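**Student:** Starting off with a structure, shown below.
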Amino acid sequence: MMLKKTRVVYSPESRIRHPLQLFREMWHDLLASRELAWRLLVRDISAQYRQSLLGIFWAFIPPVITAAGFTLAKSSGIVNIGNTELPYAAYVMFSMTLWQTFVEALNGPVQAVTSAKSMLARINFPREALIISKLGEVFFNFGIKLILILGLFIWYKIPVTLSVILAPVALIHLVLLGTLIGLLFAPLGILYQDFSKGLTLFTGFWLFITPVVYPVPSNGPFGSIVKLNPVTPLLVTTRELATTGVISNPQGFWIASLIAILGLLLAWIIYRLAMPFVIERISS
């Protein structure tokens, strides 16, 4: 059997000057990365739960503890949250599950390129495989979180409407937004080890301007900040489609979705162009 040899030609000319060729290469590498992405996904999921004492329970612990703390604070009158369309404990647990999924999608690309630093420096392979494997991990973890969500629906007798069929579409847009931000930060994450810590602080602050433990404010400067937050319409719409079936801000949802989809394509291009320079720097 004869093996077909592939010749790679490197040129100092920027690939952005030939966008059609660049897009063809991106699509080719995306298809070529499927098998490697699957193997990385299986490896990472196995390692994640093999090295954890509580295993899948870590998917439930953060939203349950957050809901318990804020429910206690609300019932004690320490904080004035306002009325929510769901029982408050269910509202917080469901919202925290969606927020966790967004944060995992955001951190995924940074964690992927950082953990594969030595492999990137030694092996030439489609870099998209790292991102696809992390996306698969995000959806796998959300599948586990569905157990908690189904439990909430049963325990609090939340009615299910036909709009729940569309909730995964809004969830995918939320994941795409997180992946967009993670792709932009990934080259920096591989160069600077303390970048991941800064990203943790950043997402911690971002949580407080996202309606996870409180409803969307109707007015005031803080309300304007929350409404301008691109995560707000995506997270809120996902929650509304899965529960009440009434979308409160369809215009904001489609604007944020457009930002997520087009922004992800732009971030992918930046990732493609930046990674060769990053790999050259970490290899020297």
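Numbering starts fresh at 1 for the residues of each chain in the structure tokens, the chains themselves are lettered A, B, ... in the order given, and ligands are numbered from 1 as they appear.
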If we count only C-alpha atoms and set the cut-off at 8 Å, which residues sit around range 227-231 of chain A, ignoring sequence neighbours fewer than 6 positions away in its own chain? Please answer as a PyMOL selection string.

**Tutor:** chain A and resi 174+177+209-210+216+256

**Student:** Could you jot down the CA of Ile154 in chain A to CA of Tyr214 in chain A separation for me, Å, one decimal place?

**Tutor:**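 Distance reported for this atom pair: 22.4 Å.
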
**Student:** If we count only C-alpha atoms and set the cut-off at 10 Å, which residues sit around Pro87 in chain A, ignoring sequence neighbours fewer than 2 positions away in its own chain? Please answer as an NGL selection string.

**Tutor:** :A and (71 or 83-85 or 89-92 or 152 or 156 or 158)

**Student:** Quick one: residues within 9 Å of Ser95 in chain A, only C-alpha atoms, excluding same-chain residues fewer than 5 positions away - as a VMD selection string?

**Tutor:** chain A and resid 63 90 100 211 to 213 235 to 236 239

**Student:** I need the residues from that last selection saved to file as a compact mmCIF listing (two decimals), in the first residue's frame (with C-alpha atoms), if you can.

**Tutor:**
```txt
# COMPACT_ATOMS: atom_id res chain seq x y z
CA PRO A 63 -26.17 25.32 42.16
CA ALA A 90 -35.72 26.40 41.65
CA GLN A 100 -22.08 27.01 34.93
CA PRO A 211 -29.68 37.73 36.47
CA VAL A 212 -28.84 34.37 38.02
CA VAL A 213 -29.94 34.97 41.63
CA LEU A 235 -29.59 32.87 29.70
CA VAL A 236 -33.01 34.41 30.44
CA ARG A 239 -34.82 29.70 31.18
```

**Student:** With distances taken over only C-alpha atoms, which residue among A:Ile132, A:Val64, A:Ile81, A:Gly69 lies nearest Ser33 in chain A?

**Tutor:**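 Of A:Ile132, A:Val64, A:Ile81, A:Gly69, the one nearest Ser33 in chain A is A:Ile132, counting only C-alpha atoms.
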
**Student:** Extract the full set of alpha helix (DSSP H) residues from range 64-207 of chain A according to DSSP on the backbone, and format it as a ChimeraX atom specification.

**Tutor:** /A:64-75,88-115,117-122,128-155,167-191,195-207

**Student:** Write the selection just made, keeping C-alpha atoms, as a CSV table (one decimal), in the first residue's frame?

**Tutor:**
```
chain,number,residue,atom,x,y,z
A,64,VAL,CA,-27.7,23.6,45.2
A,65,ILE,CA,-25.4,25.4,47.7
A,66,THR,CA,-25.9,28.7,45.9
A,67,ALA,CA,-29.7,28.2,46.0
A,68,ALA,CA,-29.7,27.2,49.6
A,69,GLY,CA,-27.6,30.3,50.6
A,70,PHE,CA,-29.7,32.8,48.7
A,71,THR,CA,-33.0,31.2,49.7
A,72,LEU,CA,-32.0,31.5,53.4
A,73,ALA,CA,-30.9,35.1,52.9
A,74,LYS,CA,-34.1,36.0,51.1
A,75,SER,CA,-36.3,34.3,53.7
A,88,TYR,CA,-36.9,31.0,44.2
A,89,ALA,CA,-34.9,27.9,45.0
A,90,ALA,CA,-35.7,26.4,41.6
A,91,TYR,CA,-35.0,29.7,39.9
A,92,VAL,CA,-31.5,30.0,41.4
A,93,MET,CA,-30.6,26.3,40.8
A,94,PHE,CA,-31.8,26.4,37.2
A,95,SER,CA,-30.1,29.7,36.5
A,96,MET,CA,-26.8,28.5,38.1
A,97,THR,CA,-26.9,25.4,36.0
A,98,LEU,CA,-27.1,27.6,32.8
A,99,TRP,CA,-24.4,29.9,34.2
A,100,GLN,CA,-22.1,27.0,34.9
A,101,THR,CA,-22.5,25.8,31.4
A,102,PHE,CA,-21.6,29.3,30.0
A,103,VAL,CA,-18.5,29.5,32.2
A,104,GLU,CA,-17.4,26.0,31.2
A,105,ALA,CA,-17.7,27.0,27.5
A,106,LEU,CA,-15.7,30.1,28.2
A,107,ASN,CA,-12.9,28.4,30.2
A,108,GLY,CA,-12.8,25.4,27.8
A,109,PRO,CA,-10.6,26.8,25.0
A,110,VAL,CA,-8.2,28.4,27.5
A,111,GLN,CA,-7.9,25.1,29.5
A,112,ALA,CA,-7.5,23.1,26.3
A,113,VAL,CA,-4.6,24.9,24.8
A,114,THR,CA,-2.9,25.3,28.2
A,115,SER,CA,-3.0,21.6,29.0
A,117,LYS,CA,1.0,23.1,25.5
A,118,SER,CA,3.7,20.4,25.1
A,119,MET,CA,1.7,18.6,22.4
A,120,LEU,CA,1.2,21.8,20.4
A,121,ALA,CA,5.0,22.5,20.5
A,122,ARG,CA,5.9,19.1,19.2
A,128,GLU,CA,-9.7,22.9,16.2
A,129,ALA,CA,-9.7,19.4,17.8
A,130,LEU,CA,-8.9,20.9,21.2
A,131,ILE,CA,-11.9,23.3,21.0
A,132,ILE,CA,-14.3,20.7,19.7
A,133,SER,CA,-13.3,18.2,22.5
A,134,LYS,CA,-14.0,20.9,25.1
A,135,LEU,CA,-17.4,21.7,23.5
A,136,GLY,CA,-18.3,18.0,23.7
A,137,GLU,CA,-17.3,18.1,27.4
A,138,VAL,CA,-19.5,21.1,28.0
A,139,PHE,CA,-22.6,19.4,26.5
A,140,PHE,CA,-21.7,16.1,28.3
A,141,ASN,CA,-21.6,17.9,31.7
A,142,PHE,CA,-24.9,19.7,30.9
A,143,GLY,CA,-26.4,16.3,30.2
A,144,ILE,CA,-25.6,15.3,33.7
A,145,LYS,CA,-27.0,18.6,35.0
A,146,LEU,CA,-30.3,17.7,33.3
A,147,ILE,CA,-30.9,15.2,36.1
A,148,LEU,CA,-31.0,18.2,38.5
A,149,ILE,CA,-33.2,20.2,36.2
A,150,LEU,CA,-35.7,17.3,35.8
A,151,GLY,CA,-35.7,16.9,39.5
A,152,LEU,CA,-36.6,20.6,39.9
A,153,PHE,CA,-39.5,20.3,37.5
A,154,ILE,CA,-40.9,17.3,39.3
A,155,TRP,CA,-40.3,18.6,42.9
A,167,ALA,CA,-34.8,25.8,24.8
A,168,PRO,CA,-31.7,23.8,23.5
A,169,VAL,CA,-31.4,26.3,20.6
A,170,ALA,CA,-31.1,29.2,23.1
A,171,LEU,CA,-28.7,27.0,25.2
A,172,ILE,CA,-26.5,26.4,22.1
A,173,HIS,CA,-26.3,30.2,21.5
A,174,LEU,CA,-25.3,30.7,25.1
A,175,VAL,CA,-22.5,28.1,24.7
A,176,LEU,CA,-21.4,29.7,21.5
A,177,LEU,CA,-21.0,33.0,23.2
A,178,GLY,CA,-18.8,31.5,25.9
A,179,THR,CA,-16.7,29.7,23.3
A,180,LEU,CA,-16.3,32.9,21.4
A,181,ILE,CA,-14.8,34.6,24.5
A,182,GLY,CA,-12.7,31.6,25.3
A,183,LEU,CA,-11.2,31.5,21.8
A,184,LEU,CA,-10.2,35.1,22.0
A,185,PHE,CA,-8.5,34.5,25.3
A,186,ALA,CA,-6.9,31.1,24.4
A,187,PRO,CA,-3.7,32.4,22.9
A,188,LEU,CA,-3.1,34.6,25.9
A,189,GLY,CA,-3.8,31.7,28.2
A,190,ILE,CA,-1.1,29.6,26.8
A,191,LEU,CA,1.5,32.4,27.0
A,195,PHE,CA,-4.2,34.4,33.0
A,196,SER,CA,-6.5,31.6,34.1
A,197,LYS,CA,-6.7,33.1,37.6
A,198,GLY,CA,-7.6,36.5,36.2
A,199,LEU,CA,-10.3,34.8,34.1
A,200,THR,CA,-11.8,33.2,37.3
A,201,LEU,CA,-12.0,36.7,38.9
A,202,PHE,CA,-13.5,38.1,35.8
A,203,THR,CA,-16.3,35.5,35.6
A,204,GLY,CA,-16.9,35.9,39.3
A,205,PHE,CA,-17.7,39.6,38.8
A,206,TRP,CA,-19.6,38.8,35.7
A,207,LEU,CA,-21.9,36.6,37.7
```

**Student:** I need the residue nearest Pro159 in chain A from this list: A:Ser218, A:Thr238, A:Asn124, A:Thr244. Use only C-alpha atoms for the distance.

**Tutor:**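 Residue with the minimum atom-to-atom distance to Pro159 in chain A: A:Thr244.
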
**Student:** Within 10 Å of range 19-24 of chain A, counting only C-alpha atoms, which residues qualify if same-chain residues fewer than 6 places away don't, as a list in words?

**Tutor:**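 With the cut-off at 10 Å, the set is Leu30, Ile269, Arg272 and Leu273 of chain A.
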
**Student:** Would you please work out which residue, of A:Arg127, A:Leu258, A:Ala37, A:Ile61, is nearest to Tyr271 in chain A when using only C-alpha atoms?

**Tutor:**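 Using only C-alpha atoms, Tyr271 in chain A sits closest to A:Arg127.
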
**Student:** Quick check, in Å to one decimal: how far apart do CA of Glu25 in chain A and CA of Trp268 in chain A lie?

**Tutor:** 12.0 Å

**Student:** Report, in Å to a single decimal, how far apart CA of Ser257 in chain A and CA of Leu234 in chain A are.

**Tutor:**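 Those two atoms sit 7.4 Å apart.
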